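These notes are about the structure you will find just below.
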Amino acid sequence: MRITTSSARRRRAGYGAAAALLGLLAAVGSPAYAATGGSVDRTPDAPPGGHSTQAGTTGAAQGAAQGAARGAVQGTAQGTPQGAAAHGAAQGAALGSTGVPLGISRLAQGAGRQVAITIDDGPDPRWTPQVLETLRKNHVKATFCMIGTKAQKYPELARAVAADGHQLCDHSVDHDVTMDHKPVAYQRQQILDGKAMIEKAVPGVPVTYYRAPGGAFTPDSRAIAAASGMRPLGWSVDPKDWSRPGLKAILSTVQGKLPQQPTVLFHDGGGDRSETVAALKEYLPWLTEQGYSFSFPARTTP
């Protein structure tokens, strides 16, 4: 088959990009991350303090390198612009190492009348126990998006959440809602250190999601999260309970706006959450009466 000069040039560029990426991943000494394309040289379920341990990183690095190389080669060989090739490399790296999609999850697992309850900004010594008690009484398992510094400050509360069978979500180190305007290195530090803080507070329990503070995701932050085994997590119903709009307003939003397989956003930290607790006490039984069942946010489907 005759190969045109431009086609050959694109192929050579693809192989060059792949080789450079593989070389960089091989050269990175820190097991926490590789700094190219948002790909992270990190196992999905690292042990507490795993951001500073060498154990178990070789397989993840190899998977990330292989996936990144495939993405780079495909992007350049098909004649896509350089930016698209780099994005393909980032996607390949994340999926190659963990299989977690980069897309933001906004749906509950399952099909039909499932709903995912998510709880943000804790743990908090006053409100988290009340939220846990309400969930327990209604036989509901939720996903708690914890701020790293708070999990570090209140590890017993983080462990209580996990002990009740709830899922853990990384909500960054200290909830910087301007992360999407910060350098990639800063985003990486916020994401990976936040995850490590939660893992240290709750040894042996995986942190399976990452929710950007204020929803401030970037392509890089999603790739970093996915490559570290965390599905980027959004929401589809937001009652803005953090602003304390009143019980009636919260219930009106969460009961009146229910897309298929909704992911509903609540908060157990960041201020007075009495309205949130009151809303959950009414909302959870109401969902059951409407024929809904409870699940966690989708993790493996795009």
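Ordering of the structure tokens sets the chain letters (A, B, ...); residue numbers start at 1 within each chain; ligands are numbered from 1 in the order shown.
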| request: Find the spatial neighbours of Val202 in chain A, counting only C-alpha atoms, within a cut-off of 7 Å - ignore same-chain residues fewer than 2 positions away - and output them as a PyMOL selection string. | output: chain A and resi 155+158-159+198-200+204-205
| said: List as number ranges by chain the protein and nucleic acid residues near Phe294 in chain A, meaning an atom at most 8 Å away when only C-alpha atoms are counted, but skip any in the same chain fewer than 2 places from it. | reply: A: 114-117, 140-141, 292, 296
| Residue contacts of range 160-167 of chain A (6 Å, only C-alpha atoms) excluding same-chain residues fewer than 3 positions away, as a PyMOL selection string | chain A and resi 141-143+157
| query | Among range 110-262 of chain A, which residues carry a DSSP assignment of strand (DSSP E or B), reported as a list in words? | reply | Gln114, Val115, Ala116, Ile117, Thr118, Ile119, Asp120, Thr143, Phe144, Cys145, Met146, Gln167, Leu168, Cys169, Asp170, Val207, Thr208, Tyr209, Tyr210, Arg231, Pro232, Leu233, Val237 and Pro262 of chain A
Export C-alpha atoms of the chosen residues as a short mmCIF file (atom, residue, chain, number, x, y, z; two decimals), in the first residue's frame?
```
data_model
loop_
_atom_site.label_atom_id
_atom_site.label_comp_id
_atom_site.auth_asym_id
_atom_site.auth_seq_id
_atom_site.Cartn_x
_atom_site.Cartn_y
_atom_site.Cartn_z
CA GLN A 114 -33.16 4.33 41.26
CA VAL A 115 -31.89 7.44 42.99
CA ALA A 116 -28.40 8.23 44.31
CA ILE A 117 -28.15 10.43 47.41
CA THR A 118 -24.87 12.33 47.75
CA ILE A 119 -23.72 14.29 50.81
CA ASP A 120 -21.02 16.97 50.53
CA THR A 143 -22.17 8.70 48.83
CA PHE A 144 -20.27 11.08 51.11
CA CYS A 145 -18.03 13.58 49.34
CA MET A 146 -15.52 14.48 52.03
CA GLN A 167 -19.45 5.12 49.57
CA LEU A 168 -16.57 7.58 49.92
CA CYS A 169 -15.87 10.43 47.53
CA ASP A 170 -12.89 12.79 47.39
CA VAL A 207 -12.40 6.24 47.64
CA THR A 208 -14.39 5.57 44.49
CA TYR A 209 -15.49 9.02 43.27
CA TYR A 210 -14.12 12.53 42.89
CA ARG A 231 -15.12 8.41 38.75
CA PRO A 232 -15.75 12.14 38.28
CA LEU A 233 -19.06 12.77 40.04
CA VAL A 237 -30.73 17.59 41.20
CA PRO A 262 -31.24 11.10 39.52
#
```
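You can rank A:Gly291, A:Pro206, A:Pro239, A:Gly246 by their closest distance to Val264 in chain A using only C-alpha atoms, and at the top of that list sits A:Pro239.
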| message | Under the rule that only C-alpha atoms are counted, which of A:Thr263, A:Ala223, A:Ala201, A:Tyr154 is the nearest residue to Gln187 in chain A? | response | A:Ala223
| request: May I ask for the distance between CA of Asp180 in chain A and CA of Gln152 in chain A, given in Å to one decimal place? | output: 24.0 Å
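In the backbone-derived DSSP annotation, helix (DSSP H, G or I) within range 109-176 of chain A comprises Trp127, Thr128, Pro129, Gln130, Val131, Leu132, Glu133, Thr134, Leu135, Arg136, Lys137, Gly148, Thr149, Lys150, Ala151, Gln152, Lys153, Pro155, Glu156, Leu157, Ala158, Arg159, Ala160, Val161, Ala162 and Ala163 of chain A.
Across A:Ala227, A:Glu275, A:Phe266, A:His171, the tightest approach to Lys248 in chain A is made by A:Glu275 when counting only C-alpha atoms.
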